[in-house]
Amino acid sequence: MALLCGCAVSFKFNGASIDYTKTRTISILDFPNHAELVNPNLSSSFSEAVRDQFSRQTRLEFVKSDGDLHIEGEITGYQIQSMAVSADSYAAQTKLTLTVKVRFSNKANSEDDFERNYTAYQTFDSNRMLTDVQDELCTIMSQEIAEKIYNDTVAKW
C-alpha cells in the first residue's frame, strides 16, 4: 500500500489578499487639496502615487468610477512646523506634515469599508527653503501614505 503525502506552499510577495473572481476593478478618484497651505502639484502627485501603488501590486482593472473597490478622499493637512532649536535659538530642523482623509469601500465585503486619516512627515534642515525640498519630500510622504492605504485595503496587514 502506497501512501502519498503532499503539501503546497503559497507565497504572495505583493501582500494582496484579493479574490479576483469577485473583485476585478478599482476606482481611485483624485484627492483634492483642502489644506490651508497649498502645494499646487500635491493633489495630482498624491493621486498618482496611490494609483501607482495599486497598479504595481495588483492586477485590478482601473475604472473611472464605481469599481469593485473604491477609494476617494482629500488632502486635509499640509503644514510646516519648526522643530529642534539650535544653540543660537534658531530652528535647526523643520517638519513638513501631510494628512489625507481616505474613504474606502469594497462591494464584495462591506465590512471592509472605512474612513480614516493618514499622516506622514519629513524633516529638513531649516537652512533650506521649503520650495527647494517640497517636491522630494512630498514624493516620499505620498508613497508612504499610498503604501499604508494599500496595506489597509487589500493587503490586510
# chains A, B, ... in the order shown; residues from 1 in each chain; ligands from 1
>>> residues_around(residues="region 38-45 of chain A", least_positions_apart="3", cutoff="10 Å", atoms="only C-alpha atoms", output="number ranges by chain")
A: 30-35, 48-51, 74-75, 77-79, 98, 131, 134-135, 138-139, 142-143
>>> write_last_selection(atoms="N, CA and C atoms", output="PDB file, in the first residue's frame")
ATOM      1  N   ASP A  30      -9.466  61.401  -7.804  1.00  0.00           N
ATOM      2  CA  ASP A  30      -8.456  62.394  -7.458  1.00  0.00           C
ATOM      3  C   ASP A  30      -8.689  62.876  -6.031  1.00  0.00           C
ATOM      4  N   PHE A  31      -7.614  63.189  -5.348  1.00  0.00           N
ATOM      5  CA  PHE A  31      -7.660  63.706  -3.984  1.00  0.00           C
ATOM      6  C   PHE A  31      -7.503  65.218  -4.037  1.00  0.00           C
ATOM      7  N   PRO A  32      -8.595  65.970  -3.929  1.00  0.00           N
ATOM      8  CA  PRO A  32      -8.472  67.438  -3.951  1.00  0.00           C
ATOM      9  C   PRO A  32      -7.726  67.928  -2.713  1.00  0.00           C
ATOM     10  N   ASN A  33      -7.070  69.056  -2.857  1.00  0.00           N
ATOM     11  CA  ASN A  33      -6.282  69.624  -1.769  1.00  0.00           C
ATOM     12  C   ASN A  33      -7.119  70.662  -1.019  1.00  0.00           C
ATOM     13  N   HIS A  34      -7.506  70.331   0.218  1.00  0.00           N
ATOM     14  CA  HIS A  34      -8.286  71.234   1.061  1.00  0.00           C
ATOM     15  C   HIS A  34      -7.462  71.762   2.230  1.00  0.00           C
ATOM     16  N   ALA A  35      -6.145  71.592   2.165  1.00  0.00           N
ATOM     17  CA  ALA A  35      -5.269  72.068   3.235  1.00  0.00           C
ATOM     18  C   ALA A  35      -5.172  73.591   3.179  1.00  0.00           C
ATOM     19  N   GLU A  48      -1.722  60.162  -8.104  1.00  0.00           N
ATOM     20  CA  GLU A  48      -0.953  59.241  -8.951  1.00  0.00           C
ATOM     21  C   GLU A  48      -0.159  58.247  -8.115  1.00  0.00           C
ATOM     22  N   ALA A  49       0.365  58.661  -6.975  1.00  0.00           N
ATOM     23  CA  ALA A  49       1.110  57.744  -6.104  1.00  0.00           C
ATOM     24  C   ALA A  49       0.209  56.602  -5.630  1.00  0.00           C
ATOM     25  N   VAL A  50      -1.033  56.927  -5.283  1.00  0.00           N
ATOM     26  CA  VAL A  50      -1.972  55.888  -4.843  1.00  0.00           C
ATOM     27  C   VAL A  50      -2.291  54.949  -6.012  1.00  0.00           C
ATOM     28  N   ARG A  51      -2.583  55.505  -7.177  1.00  0.00           N
ATOM     29  CA  ARG A  51      -2.871  54.663  -8.351  1.00  0.00           C
ATOM     30  C   ARG A  51      -1.674  53.776  -8.707  1.00  0.00           C
ATOM     31  N   GLU A  74      -9.534  63.335   0.436  1.00  0.00           N
ATOM     32  CA  GLU A  74      -8.999  64.664   0.197  1.00  0.00           C
ATOM     33  C   GLU A  74      -7.780  64.888   1.078  1.00  0.00           C
ATOM     34  N   ILE A  75      -6.936  65.779   0.613  1.00  0.00           N
ATOM     35  CA  ILE A  75      -5.785  66.214   1.388  1.00  0.00           C
ATOM     36  C   ILE A  75      -6.305  67.251   2.374  1.00  0.00           C
ATOM     37  N   GLY A  77      -4.428  68.246   5.305  1.00  0.00           N
ATOM     38  CA  GLY A  77      -3.381  68.971   6.004  1.00  0.00           C
ATOM     39  C   GLY A  77      -2.064  68.952   5.254  1.00  0.00           C
ATOM     40  N   TYR A  78      -1.434  70.105   5.204  1.00  0.00           N
ATOM     41  CA  TYR A  78      -0.095  70.259   4.630  1.00  0.00           C
ATOM     42  C   TYR A  78       0.523  71.394   5.435  1.00  0.00           C
ATOM     43  N   GLN A  79       1.381  71.020   6.406  1.00  0.00           N
ATOM     44  CA  GLN A  79       1.841  72.004   7.376  1.00  0.00           C
ATOM     45  C   GLN A  79       3.353  71.942   7.553  1.00  0.00           C
ATOM     46  N   LEU A  98       2.010  65.866   6.021  1.00  0.00           N
ATOM     47  CA  LEU A  98       0.927  65.664   5.055  1.00  0.00           C
ATOM     48  C   LEU A  98      -0.141  64.790   5.708  1.00  0.00           C
ATOM     49  N   THR A 131      10.485  75.475  -0.787  1.00  0.00           N
ATOM     50  CA  THR A 131      10.343  75.300  -2.236  1.00  0.00           C
ATOM     51  C   THR A 131      11.457  74.450  -2.832  1.00  0.00           C
ATOM     52  N   GLN A 134      10.340  70.574  -1.150  1.00  0.00           N
ATOM     53  CA  GLN A 134       8.982  70.036  -1.025  1.00  0.00           C
ATOM     54  C   GLN A 134       8.633  68.969  -2.063  1.00  0.00           C
ATOM     55  N   ASP A 135       9.123  69.073  -3.296  1.00  0.00           N
ATOM     56  CA  ASP A 135       8.789  68.048  -4.284  1.00  0.00           C
ATOM     57  C   ASP A 135       9.325  66.686  -3.854  1.00  0.00           C
ATOM     58  N   CYS A 138       7.436  65.563  -0.616  1.00  0.00           N
ATOM     59  CA  CYS A 138       6.050  65.177  -0.920  1.00  0.00           C
ATOM     60  C   CYS A 138       5.992  63.829  -1.618  1.00  0.00           C
ATOM     61  N   THR A 139       6.965  63.540  -2.472  1.00  0.00           N
ATOM     62  CA  THR A 139       7.028  62.239  -3.124  1.00  0.00           C
ATOM     63  C   THR A 139       7.204  61.138  -2.091  1.00  0.00           C
ATOM     64  N   SER A 142       3.959  60.909   0.044  1.00  0.00           N
ATOM     65  CA  SER A 142       2.864  60.350  -0.758  1.00  0.00           C
ATOM     66  C   SER A 142       3.019  58.848  -0.918  1.00  0.00           C
ATOM     67  N   GLN A 143       4.229  58.401  -1.178  1.00  0.00           N
ATOM     68  CA  GLN A 143       4.472  56.955  -1.315  1.00  0.00           C
ATOM     69  C   GLN A 143       4.224  56.228   0.002  1.00  0.00           C
TER      70      GLN A 143
END
>>> residues_around(residues="region 18-27 of chain A", least_positions_apart="3", cutoff="12 Å", atoms="only C-alpha atoms", output="VMD selection string")
chain A and resid 12 14 to 15 30 47 50 to 51 54 to 55 57 to 73 103 to 109 150 to 151 153 to 156
>>> residues_around(residues="region 120-125 of chain A", least_positions_apart="6", cutoff="7 Å", atoms="only C-alpha atoms", output="short mmCIF file (atom, residue, chain, number, x, y, z; two decimals) with N, CA and C atoms, in the first residue's frame")
data_model
loop_
_atom_site.label_atom_id
_atom_site.label_comp_id
_atom_site.auth_asym_id
_atom_site.auth_seq_id
_atom_site.Cartn_x
_atom_site.Cartn_y
_atom_site.Cartn_z
N ALA A 92 16.67 74.48 13.95
CA ALA A 92 17.65 73.74 13.16
C ALA A 92 16.96 72.80 12.17
N GLN A 93 15.76 72.36 12.51
CA GLN A 93 15.01 71.44 11.68
C GLN A 93 13.59 71.96 11.49
N THR A 94 13.04 71.65 10.34
CA THR A 94 11.65 71.99 10.06
C THR A 94 10.94 70.70 9.67
N LYS A 95 9.72 70.55 10.13
CA LYS A 95 8.93 69.34 9.87
C LYS A 95 7.82 69.69 8.89
N LEU A 96 7.72 68.91 7.83
CA LEU A 96 6.64 69.03 6.85
C LEU A 96 5.72 67.84 7.03
N THR A 97 4.44 68.10 7.25
CA THR A 97 3.47 67.04 7.54
C THR A 97 2.36 67.05 6.49
N LEU A 98 2.01 65.87 6.02
CA LEU A 98 0.93 65.66 5.05
C LEU A 98 -0.14 64.79 5.71
N THR A 99 -1.38 65.24 5.68
CA THR A 99 -2.51 64.48 6.22
C THR A 99 -3.56 64.31 5.13
N LEU A 137 10.23 65.73 -0.77
CA LEU A 137 9.59 65.29 0.47
C LEU A 137 8.15 64.86 0.25
N MET A 141 6.50 61.25 1.20
CA MET A 141 5.31 61.16 2.06
C MET A 141 4.13 60.54 1.31
N GLU A 144 4.63 56.85 1.10
CA GLU A 144 4.41 56.24 2.42
C GLU A 144 2.92 56.07 2.70
N ILE A 145 2.14 57.12 2.45
CA ILE A 145 0.70 57.05 2.71
C ILE A 145 0.04 56.09 1.72
#
>>> select_by_dssp(residues="chain A", states="strand (DSSP E or B)", output="PyMOL selection string")
chain A and resi 25-28+33+61-62+69-82+85+91+93-106+114-125
>>> write_last_selection(atoms="N, CA and C atoms", output="compact mmCIF listing (two decimals), in the first residue's frame")
# COMPACT_ATOMS: atom_id res chain seq x y z
N THR A 25 -12.20 45.19 -10.43
CA THR A 25 -11.95 46.59 -10.79
C THR A 25 -11.69 47.44 -9.54
N ILE A 26 -11.05 48.57 -9.79
CA ILE A 26 -10.81 49.54 -8.72
C ILE A 26 -10.97 50.94 -9.30
N SER A 27 -11.60 51.80 -8.53
CA SER A 27 -11.69 53.22 -8.91
C SER A 27 -11.02 54.03 -7.80
N ILE A 28 -10.12 54.89 -8.23
CA ILE A 28 -9.42 55.78 -7.30
C ILE A 28 -9.61 57.20 -7.82
N ASN A 33 -7.07 69.06 -2.86
CA ASN A 33 -6.28 69.62 -1.77
C ASN A 33 -7.12 70.66 -1.02
N GLU A 61 -8.30 46.04 -12.66
CA GLU A 61 -8.51 46.96 -13.77
C GLU A 61 -9.01 48.29 -13.22
N PHE A 62 -8.40 49.38 -13.68
CA PHE A 62 -8.82 50.70 -13.23
C PHE A 62 -10.02 51.17 -14.02
N LEU A 69 -13.64 47.86 -5.85
CA LEU A 69 -13.00 48.58 -4.74
C LEU A 69 -13.02 50.05 -5.12
N HIS A 70 -13.31 50.90 -4.17
CA HIS A 70 -13.40 52.33 -4.47
C HIS A 70 -12.66 53.12 -3.39
N ILE A 71 -11.77 54.02 -3.84
CA ILE A 71 -11.01 54.85 -2.92
C ILE A 71 -11.19 56.30 -3.31
N GLU A 72 -11.48 57.12 -2.32
CA GLU A 72 -11.60 58.56 -2.54
C GLU A 72 -11.22 59.27 -1.26
N GLY A 73 -11.05 60.57 -1.35
CA GLY A 73 -10.73 61.33 -0.16
C GLY A 73 -10.21 62.70 -0.53
N GLU A 74 -9.53 63.33 0.44
CA GLU A 74 -9.00 64.66 0.20
C GLU A 74 -7.78 64.89 1.08
N ILE A 75 -6.94 65.78 0.61
CA ILE A 75 -5.78 66.21 1.39
C ILE A 75 -6.30 67.25 2.37
N THR A 76 -6.17 66.97 3.66
CA THR A 76 -6.74 67.85 4.67
C THR A 76 -5.68 68.67 5.41
N GLY A 77 -4.43 68.25 5.30
CA GLY A 77 -3.38 68.97 6.00
C GLY A 77 -2.06 68.95 5.25
N TYR A 78 -1.43 70.10 5.20
CA TYR A 78 -0.09 70.26 4.63
C TYR A 78 0.52 71.39 5.44
N GLN A 79 1.38 71.02 6.41
CA GLN A 79 1.84 72.00 7.38
C GLN A 79 3.35 71.94 7.55
N ILE A 80 3.93 73.10 7.86
CA ILE A 80 5.33 73.15 8.25
C ILE A 80 5.40 73.61 9.69
N GLN A 81 6.38 73.06 10.41
CA GLN A 81 6.50 73.35 11.82
C GLN A 81 7.98 73.35 12.19
N SER A 82 8.42 74.37 12.94
CA SER A 82 9.79 74.41 13.43
C SER A 82 9.98 73.32 14.47
N VAL A 85 15.62 73.31 18.16
CA VAL A 85 16.19 74.65 18.24
C VAL A 85 17.69 74.53 18.49
N ALA A 91 15.61 77.69 14.71
CA ALA A 91 15.18 76.33 14.44
C ALA A 91 16.18 75.64 13.52
N GLN A 93 15.76 72.36 12.51
CA GLN A 93 15.01 71.44 11.68
C GLN A 93 13.59 71.96 11.49
N THR A 94 13.04 71.65 10.34
CA THR A 94 11.65 71.99 10.06
C THR A 94 10.94 70.70 9.67
N LYS A 95 9.72 70.55 10.13
CA LYS A 95 8.93 69.34 9.87
C LYS A 95 7.82 69.69 8.89
N LEU A 96 7.72 68.91 7.83
CA LEU A 96 6.64 69.03 6.85
C LEU A 96 5.72 67.84 7.03
N THR A 97 4.44 68.10 7.25
CA THR A 97 3.47 67.04 7.54
C THR A 97 2.36 67.05 6.49
N LEU A 98 2.01 65.87 6.02
CA LEU A 98 0.93 65.66 5.05
C LEU A 98 -0.14 64.79 5.71
N THR A 99 -1.38 65.24 5.68
CA THR A 99 -2.51 64.48 6.22
C THR A 99 -3.56 64.31 5.13
N VAL A 100 -4.05 63.08 5.00
CA VAL A 100 -5.03 62.75 3.97
C VAL A 100 -6.18 61.96 4.59
N LYS A 101 -7.41 62.38 4.28
CA LYS A 101 -8.59 61.62 4.70
C LYS A 101 -8.96 60.69 3.55
N VAL A 102 -9.18 59.41 3.87
CA VAL A 102 -9.46 58.40 2.86
C VAL A 102 -10.76 57.67 3.20
N ARG A 103 -11.58 57.47 2.18
CA ARG A 103 -12.78 56.65 2.30
C ARG A 103 -12.63 55.46 1.34
N PHE A 104 -12.82 54.27 1.88
CA PHE A 104 -12.66 53.04 1.11
C PHE A 104 -13.94 52.23 1.18
N SER A 105 -14.34 51.67 0.03
CA SER A 105 -15.48 50.76 0.03
C SER A 105 -15.16 49.54 -0.84
N ASN A 106 -15.69 48.41 -0.41
CA ASN A 106 -15.47 47.13 -1.07
C ASN A 106 -16.84 46.52 -1.35
N PHE A 114 -14.19 51.67 5.23
CA PHE A 114 -13.73 52.52 6.31
C PHE A 114 -13.52 53.94 5.82
N GLU A 115 -13.39 54.83 6.79
CA GLU A 115 -12.97 56.21 6.57
C GLU A 115 -11.93 56.49 7.64
N ARG A 116 -10.71 56.91 7.22
CA ARG A 116 -9.67 57.19 8.21
C ARG A 116 -8.68 58.21 7.67
N ASN A 117 -7.94 58.78 8.60
CA ASN A 117 -6.91 59.75 8.26
C ASN A 117 -5.53 59.08 8.25
N TYR A 118 -4.71 59.51 7.32
CA TYR A 118 -3.33 59.03 7.23
C TYR A 118 -2.41 60.25 7.30
N THR A 119 -1.32 60.10 8.02
CA THR A 119 -0.36 61.19 8.16
C THR A 119 1.05 60.67 7.94
N ALA A 120 1.85 61.49 7.28
CA ALA A 120 3.27 61.21 7.12
C ALA A 120 4.01 62.54 7.27
N TYR A 121 5.25 62.46 7.70
CA TYR A 121 6.03 63.69 7.82
C TYR A 121 7.48 63.44 7.46
N GLN A 122 8.15 64.50 7.12
CA GLN A 122 9.58 64.50 6.83
C GLN A 122 10.17 65.75 7.46
N THR A 123 11.39 65.65 7.91
CA THR A 123 12.08 66.83 8.43
C THR A 123 13.18 67.23 7.46
N PHE A 124 13.50 68.51 7.49
CA PHE A 124 14.58 69.02 6.65
C PHE A 124 15.30 70.14 7.38
N ASP A 125 16.51 70.40 6.96
CA ASP A 125 17.34 71.43 7.56
C ASP A 125 16.70 72.79 7.35
>>> atom_distance(atom1="CA of Asp113 (chain A)", atom2="CA of Glu36 (chain A)")
28.0 Å
>>> closest_residue(among="A:Phe46, A:Asn127, A:Asp152, A:Leu29", to="Ser17 (chain A)", atoms="only C-alpha atoms")
A:Asp152
>>> atom_distance(atom1="CA of Ile140 (chain A)", atom2="CA of Leu37 (chain A)")
18.3 Å
>>> atom_distance(atom1="CA of Lys148 (chain A)", atom2="CA of Ala16 (chain A)")
12.6 Å
>>> select_by_dssp(residues="chain A", states="alpha helix (DSSP H)", output="count of residues only")
37
